[in-house]
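Below is the file work_26.cif, which contains mmCIF, C-alpha atoms and all ligand atoms.
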```
data_upload
loop_
_atom_site.label_atom_id
_atom_site.label_comp_id
_atom_site.auth_asym_id
_atom_site.auth_seq_id
_atom_site.Cartn_x
_atom_site.Cartn_y
_atom_site.Cartn_z
CA MET A 1 -18.03 -284.31 81.78
CA ARG A 2 -17.98 -281.12 79.73
CA ILE A 3 -14.80 -279.09 80.41
CA LEU A 4 -15.67 -276.28 78.01
CA ASP A 5 -17.48 -275.99 74.69
CA GLY A 6 -16.37 -278.93 72.54
CA VAL A 7 -13.92 -280.46 75.05
CA TYR A 8 -14.96 -283.27 77.38
CA LEU A 9 -13.45 -285.58 79.98
CA VAL A 10 -14.74 -289.07 79.10
CA GLY A 11 -12.43 -291.29 81.15
CA GLY A 12 -10.22 -291.29 84.22
CA ALA A 13 -9.82 -293.38 87.34
CA GLY A 14 -9.56 -290.21 89.46
CA TYR A 15 -13.14 -289.35 88.48
CA ASN A 16 -14.57 -292.91 88.50
CA LEU A 17 -15.23 -292.51 84.77
CA SER A 18 -13.03 -295.48 83.81
CA GLY A 19 -10.12 -297.43 85.26
CA GLY A 20 -7.11 -295.84 83.54
CA CYS A 21 -5.75 -292.42 82.66
CA ASN A 22 -7.74 -289.26 81.97
CA VAL A 23 -9.33 -289.55 78.51
CA TYR A 24 -10.32 -286.38 76.65
CA LEU A 25 -12.72 -285.94 73.75
CA ILE A 26 -12.60 -283.00 71.35
CA ASP A 27 -15.61 -282.21 69.19
CA ALA A 28 -14.18 -280.82 65.94
CA ARG A 29 -17.64 -280.08 64.50
CA GLY A 30 -18.80 -283.51 63.51
CA GLU A 31 -15.47 -285.25 63.84
CA LEU A 32 -14.56 -286.47 67.31
CA LEU A 33 -10.96 -286.82 68.47
CA LEU A 34 -9.80 -288.76 71.51
CA ILE A 35 -6.66 -288.07 73.54
CA ASP A 36 -5.53 -291.39 75.11
CA ILE A 37 -7.81 -294.31 75.88
CA GLY A 38 -6.66 -296.16 79.01
CA SER A 39 -6.37 -299.93 79.15
CA GLU A 40 -8.43 -302.55 77.27
CA GLY A 41 -11.02 -302.85 80.03
CA ASP A 42 -11.76 -299.10 79.91
CA VAL A 43 -12.92 -298.78 76.30
CA GLU A 44 -16.58 -299.79 76.77
CA LEU A 45 -16.92 -297.37 79.69
CA ILE A 46 -15.49 -294.59 77.54
CA GLU A 47 -17.93 -295.46 74.76
CA GLU A 48 -20.75 -295.16 77.28
CA ASN A 49 -19.41 -291.83 78.57
CA ILE A 50 -19.29 -290.42 75.01
CA ARG A 51 -22.95 -291.46 74.51
CA SER A 52 -23.97 -289.77 77.74
CA GLU A 53 -22.66 -286.46 76.29
CA ASP A 54 -25.17 -286.95 73.42
CA LEU A 55 -22.33 -287.69 71.02
CA ASN A 56 -21.96 -290.69 68.73
CA PRO A 57 -18.91 -292.89 69.46
CA LYS A 58 -18.84 -293.86 65.77
CA ASP A 59 -17.94 -290.23 64.98
CA VAL A 60 -14.54 -290.70 66.65
CA SER A 61 -12.13 -290.41 63.73
CA VAL A 62 -8.70 -290.29 65.38
CA LEU A 63 -7.36 -291.53 68.70
CA PHE A 64 -4.22 -289.58 69.65
CA ILE A 65 -1.88 -291.35 72.07
CA THR A 66 0.45 -289.36 74.35
CA HIS A 67 2.85 -292.22 75.21
CA PRO A 68 3.04 -296.03 75.06
CA HIS A 69 2.27 -296.97 78.69
CA THR A 70 -0.62 -299.43 78.89
CA ASP A 71 -2.70 -297.24 81.24
CA HIS A 72 -2.84 -294.74 78.33
CA ALA A 73 -2.54 -296.83 75.17
CA GLY A 74 -3.42 -300.42 76.14
CA GLY A 75 -6.99 -300.08 74.83
CA ALA A 76 -5.87 -298.91 71.36
CA ALA A 77 -6.78 -302.11 69.47
CA ARG A 78 -10.14 -302.39 71.22
CA ALA A 79 -10.88 -298.71 70.56
CA LYS A 80 -10.11 -299.11 66.85
CA LYS A 81 -12.59 -301.97 66.68
CA ILE A 82 -15.37 -300.18 68.57
CA PHE A 83 -14.95 -296.64 67.15
CA GLU A 84 -13.56 -297.63 63.72
CA CYS A 85 -11.04 -294.82 64.14
CA LYS A 86 -7.43 -294.21 63.14
CA LEU A 87 -4.54 -294.18 65.59
CA ALA A 88 -2.01 -291.36 65.85
CA ALA A 89 1.17 -291.61 67.93
CA HIS A 90 4.89 -290.84 67.99
CA LYS A 91 6.81 -293.29 65.82
CA ILE A 92 8.52 -294.83 68.89
CA THR A 93 5.14 -295.24 70.60
CA ALA A 94 3.74 -296.67 67.36
CA GLU A 95 6.43 -299.35 67.31
CA ILE A 96 5.51 -300.41 70.85
CA ILE A 97 1.76 -300.47 70.13
CA GLU A 98 2.23 -302.34 66.86
CA GLY A 99 4.58 -304.79 68.60
CA GLY A 100 1.99 -305.66 71.26
CA PHE A 101 3.56 -303.81 74.21
CA LYS A 102 6.24 -306.48 74.65
CA LYS A 103 7.75 -305.11 77.87
CA SER A 104 4.48 -304.70 79.76
CA GLN A 105 3.06 -307.31 82.15
CA ASN A 106 -0.42 -307.55 80.68
CA GLU A 107 0.52 -307.33 76.95
CA PRO A 108 -2.63 -305.85 75.40
CA GLN A 109 -3.60 -306.56 71.77
CA PRO A 110 -1.32 -304.90 69.18
CA ALA A 111 -2.81 -302.26 66.89
CA GLN A 112 -1.72 -300.62 63.67
CA VAL A 113 -0.89 -296.91 63.92
CA GLU A 114 -1.93 -295.11 60.73
CA ILE A 115 -0.62 -291.64 61.63
CA LYS A 116 3.01 -291.70 62.76
CA LEU A 117 4.22 -288.46 64.31
CA HIS A 118 7.52 -287.04 65.51
CA GLY A 119 6.47 -283.63 66.83
CA GLY A 120 6.23 -280.31 64.99
CA GLU A 121 3.24 -281.35 62.89
CA SER A 122 -0.07 -279.51 62.77
CA LEU A 123 -3.13 -281.57 61.82
CA ALA A 124 -6.33 -279.85 60.68
CA PHE A 125 -9.84 -281.12 61.46
CA GLY A 126 -12.27 -278.60 60.01
CA ASP A 127 -11.23 -275.29 61.55
CA LEU A 128 -9.54 -276.98 64.51
CA GLU A 129 -5.80 -277.54 64.49
CA VAL A 130 -3.99 -280.08 66.61
CA GLN A 131 -0.36 -279.08 67.16
CA VAL A 132 1.96 -281.96 67.98
CA LEU A 133 4.78 -281.23 70.44
CA ASP A 134 7.75 -283.53 70.95
CA THR A 135 8.34 -283.72 74.71
CA PRO A 136 10.63 -286.61 75.69
CA GLY A 137 11.20 -287.35 79.37
CA HIS A 138 8.56 -289.60 80.92
CA THR A 139 8.78 -292.79 78.84
CA ARG A 140 12.17 -294.52 79.02
CA GLU A 141 12.06 -295.60 75.36
CA GLY A 142 11.02 -292.07 74.24
CA GLY A 143 7.83 -291.30 72.35
CA ASP A 144 6.16 -288.74 74.65
CA LEU A 145 4.01 -286.20 72.83
CA CYS A 146 1.84 -283.33 74.05
CA TYR A 147 -1.05 -282.00 71.96
CA LEU A 148 -2.06 -278.35 71.78
CA ILE A 149 -5.33 -276.92 70.48
CA GLU A 150 -6.90 -273.48 70.41
CA ALA A 151 -10.62 -273.46 71.26
CA ASN A 152 -12.98 -270.80 72.60
CA GLY A 153 -10.08 -268.33 72.45
CA LYS A 154 -8.08 -270.45 74.88
CA SER A 155 -4.95 -272.54 74.38
CA ILE A 156 -5.50 -276.04 75.71
CA LEU A 157 -2.58 -278.38 76.33
CA PHE A 158 -2.96 -282.15 76.73
CA THR A 159 0.16 -283.23 78.60
CA GLY A 160 -0.10 -287.01 79.12
CA ASP A 161 2.33 -287.80 81.94
CA ILE A 162 4.68 -284.90 81.18
CA ALA A 163 3.03 -282.26 83.38
CA PHE A 164 0.40 -282.40 86.10
CA LYS A 165 -1.57 -280.09 88.27
CA CYS A 166 -0.17 -280.05 91.76
CA GLU A 167 -2.66 -281.65 94.13
CA ARG A 168 -1.60 -279.52 97.08
CA GLY A 169 -2.30 -281.12 100.41
CA LEU A 170 -4.04 -284.14 98.94
CA MET A 171 -1.23 -286.40 97.79
CA GLY A 172 1.47 -285.06 100.09
CA GLY A 173 3.53 -283.91 97.13
CA HIS A 174 3.58 -283.11 93.45
CA PRO A 175 2.60 -285.98 91.08
CA VAL A 176 5.89 -285.81 89.10
CA THR A 177 7.81 -286.72 92.27
CA ALA A 178 6.19 -290.17 92.04
CA TRP A 179 8.43 -291.13 89.11
CA ILE A 180 11.34 -288.71 88.59
CA GLY A 181 13.25 -290.36 91.46
CA LYS A 182 13.58 -293.48 89.28
CA ARG A 183 15.27 -291.63 86.40
CA SER A 184 18.94 -290.92 85.71
CA ARG A 185 20.30 -287.36 85.77
CA LYS A 186 20.57 -287.37 82.01
CA GLU A 187 16.94 -288.45 81.65
CA ILE A 188 15.83 -285.75 84.07
CA GLU A 189 17.80 -283.12 82.12
CA THR A 190 15.99 -284.18 78.94
CA TYR A 191 12.68 -283.98 80.79
CA LEU A 192 13.45 -280.52 82.18
CA ASN A 193 14.28 -279.27 78.66
CA SER A 194 10.93 -280.58 77.44
CA LEU A 195 9.06 -278.78 80.23
CA ARG A 196 10.89 -275.52 79.53
CA SER A 197 10.25 -275.64 75.79
CA LEU A 198 6.58 -276.51 76.45
CA LEU A 199 6.17 -273.39 78.58
CA GLU A 200 7.84 -271.30 75.89
CA ILE A 201 5.86 -272.72 72.96
CA ALA A 202 2.49 -273.44 74.50
CA LYS A 203 1.93 -271.23 77.57
CA PRO A 204 -1.47 -272.94 78.05
CA ASP A 205 -4.55 -271.35 79.57
CA ILE A 206 -5.87 -274.81 80.30
CA LEU A 207 -3.68 -277.80 81.19
CA LEU A 208 -5.28 -281.22 80.88
CA PRO A 209 -3.00 -283.93 82.29
CA GLY A 210 -3.05 -287.71 81.94
CA HIS A 211 -3.95 -288.23 85.60
CA GLY A 212 -5.50 -286.31 88.44
CA LEU A 213 -6.90 -282.82 88.60
CA LEU A 214 -7.38 -280.47 85.63
CA ALA A 215 -6.05 -276.90 85.58
CA LEU A 216 -8.87 -274.86 84.02
CA ARG A 217 -7.25 -271.46 84.44
CA GLU A 218 -3.61 -270.28 84.20
CA GLY A 219 -2.47 -273.76 83.18
CA TRP A 220 1.02 -272.40 82.51
CA ARG A 221 1.45 -271.94 86.27
CA GLU A 222 1.34 -275.74 86.65
CA LEU A 223 4.11 -276.05 84.03
CA ASP A 224 6.07 -273.49 86.01
CA GLU A 225 5.57 -275.55 89.18
CA CYS A 226 6.67 -278.78 87.43
CA ILE A 227 9.82 -276.99 86.20
CA ARG A 228 10.56 -275.72 89.71
CA ILE A 229 10.19 -279.20 91.24
CA VAL A 230 12.20 -281.04 88.58
CA ALA A 231 14.99 -278.40 88.63
CA LYS A 232 15.16 -278.67 92.43
CA HIS A 233 15.35 -282.47 92.21
CA LEU A 234 18.18 -282.20 89.68
CA GLU A 235 20.02 -279.70 91.88
CA GLU A 236 19.72 -281.99 94.91
CA SER A 237 20.88 -285.08 93.00
CA ARG A 238 23.91 -283.09 91.85
CA SER A 239 24.98 -282.36 95.41
CA THR A 240 24.74 -285.97 96.59
ZN ZN B 301 0.15 -292.66 83.15
#
```
Mind turning the file's structure into structure tokens?
Amino acid sequence: MRILDGVYLVGGAGYNLSGGCNVYLIDARGELLLIDIGSEGDVELIEENIRSEDLNPKDVSVLFITHPHTDHAGGAARAKKIFECKLAAHKITAEIIEGGFKKSQNEPQPAQVEIKLHGGESLAFGDLEVQVLDTPGHTREGGDLCYLIEANGKSILFTGDIAFKCERGLMGGHPVTAWIGKRSRKEIETYLNSLRSLLEIAKPDILLPGHGLLALREGWRELDECIRIVAKHLEESRST
């Protein structure tokens, strides 16, 4: 599904495109970049979805991973085989992927990560730049990254599981409430700091999350909403 010129949604259980997380494809004029991949069983579907956009899956040069959970990164080894691409991830995430996801139940195939990141980098692909933002808070071990690009005069932020669009009325609550209840106060403080610095640095027009709906206008409002909800949660946990 074309989101805007050169940016596509090619995977996501919420859209029946694949079984895992939302998977995004960026066309950097000849070079294709993927953001996340989903689990092992999703990779062939994603390959098919890339073809149906009249693009060649073999042109995928780098697969960027947002965090090491298997519904985002489990298909990394399979993707490398099919697309013959490089992997890019935070160094903590890289360790988990290279170690074969030891703490997960389904233990997908390990994969080598060629591009190890820590946040603050800017990677150029033709005239497109991918800014890497260090945003700890969702993954217990650390290793959460968001990716920011500028395309068609708009800033586009890929948030993984750090920020979501609120699905008002559909899910009976904001998606972050599904997991922040399981985190310690200290972890939530770290997460809140990440959200605040994201809003300051990125202020995205378009927010493309790892699950659920996409915010195609005023994406920064969704960041604002996440901050409000997480701050409220922290306040309430303080008073109990
Ligand atoms: Zn996820």
Contacts of chain A with ligand ZN 301 (chain B) up to 7 Å, shortest pair per row, only C-alpha atoms and all ligand atoms, as JSON lines:
```
{"residue": "A:Cys21", "atom": "CA", "partner": "B:ZN301", "partner_atom": "ZN", "distance": 5.9}
{"residue": "A:His69", "atom": "CA", "partner": "B:ZN301", "partner_atom": "ZN", "distance": 6.6}
{"residue": "A:Asp71", "atom": "CA", "partner": "B:ZN301", "partner_atom": "ZN", "distance": 5.7}
{"residue": "A:His72", "atom": "CA", "partner": "B:ZN301", "partner_atom": "ZN", "distance": 6.0}
{"residue": "A:Gly160", "atom": "CA", "partner": "B:ZN301", "partner_atom": "ZN", "distance": 6.9}
{"residue": "A:Asp161", "atom": "CA", "partner": "B:ZN301", "partner_atom": "ZN", "distance": 5.5}
{"residue": "A:Gly210", "atom": "CA", "partner": "B:ZN301", "partner_atom": "ZN", "distance": 6.0}
{"residue": "A:His211", "atom": "CA", "partner": "B:ZN301", "partner_atom": "ZN", "distance": 6.5}
```
Legend entry - Nearest to Asp42 of chain A, chosen from A:Val23, A:Val130, A:Leu216, A:Ile92, with only C-alpha atoms counted in the distances: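 Selected residue with least distance to Asp42 of chain A: A:Val23.
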Inset, instruction - For Gly100 of chain A, list every protein, DNA or RNA residue within 10 Å, evaluated using only C-alpha atoms, and leave out those in the same chain fewer than 2 positions away; present the list as a list in words. - result: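 My list of contacting residues is Gly74, Ala77, Ala94, Glu95, Ile96, Ile97, Glu98, Lys102, Lys103, Ser104, Asn106, Glu107, Pro108, Gln109, Pro110, Ala111 and Gln112 of chain A.
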Inset, instruction - For segment 4-13 of chain A, work out the shell of residues within 9 Å, counting only C-alpha atoms and skipping chain neighbours fewer than 4 positions away, then give it as a ChimeraX atom specification. - result: /A:17-29,37-38,42-43,45-50,53,151-152,210-212
Legend entry - Nearby residues (all atoms listed in the file) at most 9 Å from Glu222 of chain A, same-chain spacing under 5 positions excluded, as JSON, numbers by chain: {"A": [163, 164, 165, 166, 207, 215, 227]}
Atoms kept (C-alpha atoms) for selection, written as an mmCIF file, in the coordinates of the input:
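Wrote it out as selection_35.cif, contents follow:
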```
data_model
loop_
_atom_site.group_PDB
_atom_site.id
_atom_site.type_symbol
_atom_site.label_atom_id
_atom_site.label_comp_id
_atom_site.auth_asym_id
_atom_site.auth_seq_id
_atom_site.Cartn_x
_atom_site.Cartn_y
_atom_site.Cartn_z
ATOM 1 C CA ALA A 163 3.030 -282.260 83.380
ATOM 2 C CA PHE A 164 0.400 -282.400 86.100
ATOM 3 C CA LYS A 165 -1.570 -280.090 88.270
ATOM 4 C CA CYS A 166 -0.170 -280.050 91.760
ATOM 5 C CA LEU A 207 -3.680 -277.800 81.190
ATOM 6 C CA ALA A 215 -6.050 -276.900 85.580
ATOM 7 C CA ILE A 227 9.820 -276.990 86.200
#
```
Legend entry - Computed interatomic separation between atom CA of Asp144 of chain A and atom CA of Leu55 of chain A (Å):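 Taking atom CA of Asp144 of chain A as the start and atom CA of Leu55 of chain A as the end point, the length is 28.7 Å.
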Listed atoms of segment 144-152 of chain A, axis-aligned box, 8 Å per side: centre and edge lengths to one decimal in Å, as JSON?
```
{"center_x": -3.4, "center_y": -279.8, "center_z": 72.5, "size_x": 35.1, "size_y": 33.9, "size_z": 20.2}
```
Inset, instruction - Would you mind reading off the distance between atom CA of Lys86 of chain A and atom CA of Ala124 of chain A, one decimal, in Å? - result: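 Those two atoms sit 14.6 Å apart.
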Inset, instruction - Considering all atoms listed in the file, return as a list in words whatever protein or nucleic-acid residues lie within 12 Å of Glu200 of chain A, sequence-local ones (same chain, fewer than 4 positions apart) excluded. - result: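 So the residues in contact are Leu133, Asn193, Ser194, Leu195, Arg196, Pro204, Trp220, Leu223, Asp224 and Ile227 of chain A.
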Legend entry - Pairwise distance for atom CA of Val60 of chain A and atom CA of Phe83 of chain A, rounded to one decimal in Å: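 Separation between atom CA of Val60 of chain A and atom CA of Phe83 of chain A: 6.0 Å.
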Inset, instruction - Compare A:Ile162, A:Thr190, A:Lys203, A:Glu236 by their minimum atom-to-atom distance to His138 of chain A, counting all atoms listed in the file, and give me the closest one. - result: A:Ile162
Legend entry - Minimum-distance residue to Ile180 of chain A, chosen among A:Leu157, A:Val113, A:Leu192, A:Ile82 (using only C-alpha atoms):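 Among A:Leu157, A:Val113, A:Leu192, A:Ile82, it is A:Leu192 that comes nearest to Ile180 of chain A.
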Legend entry - Top pick for closest residue to Phe64 of chain A, considering A:Arg51, A:Glu84, A:Leu145, A:Lys232 and counting all atoms listed in the file: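 Looking at the shortest contact to Phe64 of chain A, the residue is A:Leu145.
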Legend entry - Minimum-distance residue to Leu123 of chain A, chosen among A:Ile201, A:Ala88, A:Ile156, A:Ile35 (using all atoms listed in the file):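 Nearest candidate to Leu123 of chain A out of A:Ile201, A:Ala88, A:Ile156, A:Ile35: A:Ala88.
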Pick out the residues sitting within 7 Å of Gly137 of chain A, and hand them over as a CSV table (one decimal) with C-alpha atoms, in the frame of the given file; count only C-alpha atoms, and ignore anything fewer than 3 positions along from it in its own chain.
```csv
chain,number,residue,atom,x,y,z
A,142,GLY,CA,11.0,-292.1,74.2
A,187,GLU,CA,16.9,-288.4,81.6
A,188,ILE,CA,15.8,-285.8,84.1
A,190,THR,CA,16.0,-284.2,78.9
A,191,TYR,CA,12.7,-284.0,80.8
```
Inset, instruction - Would you please work out which residue, of A:Leu208, A:Leu199, A:Leu34, A:Val230, is nearest to Trp179 of chain A when using only C-alpha atoms? - result: A:Val230
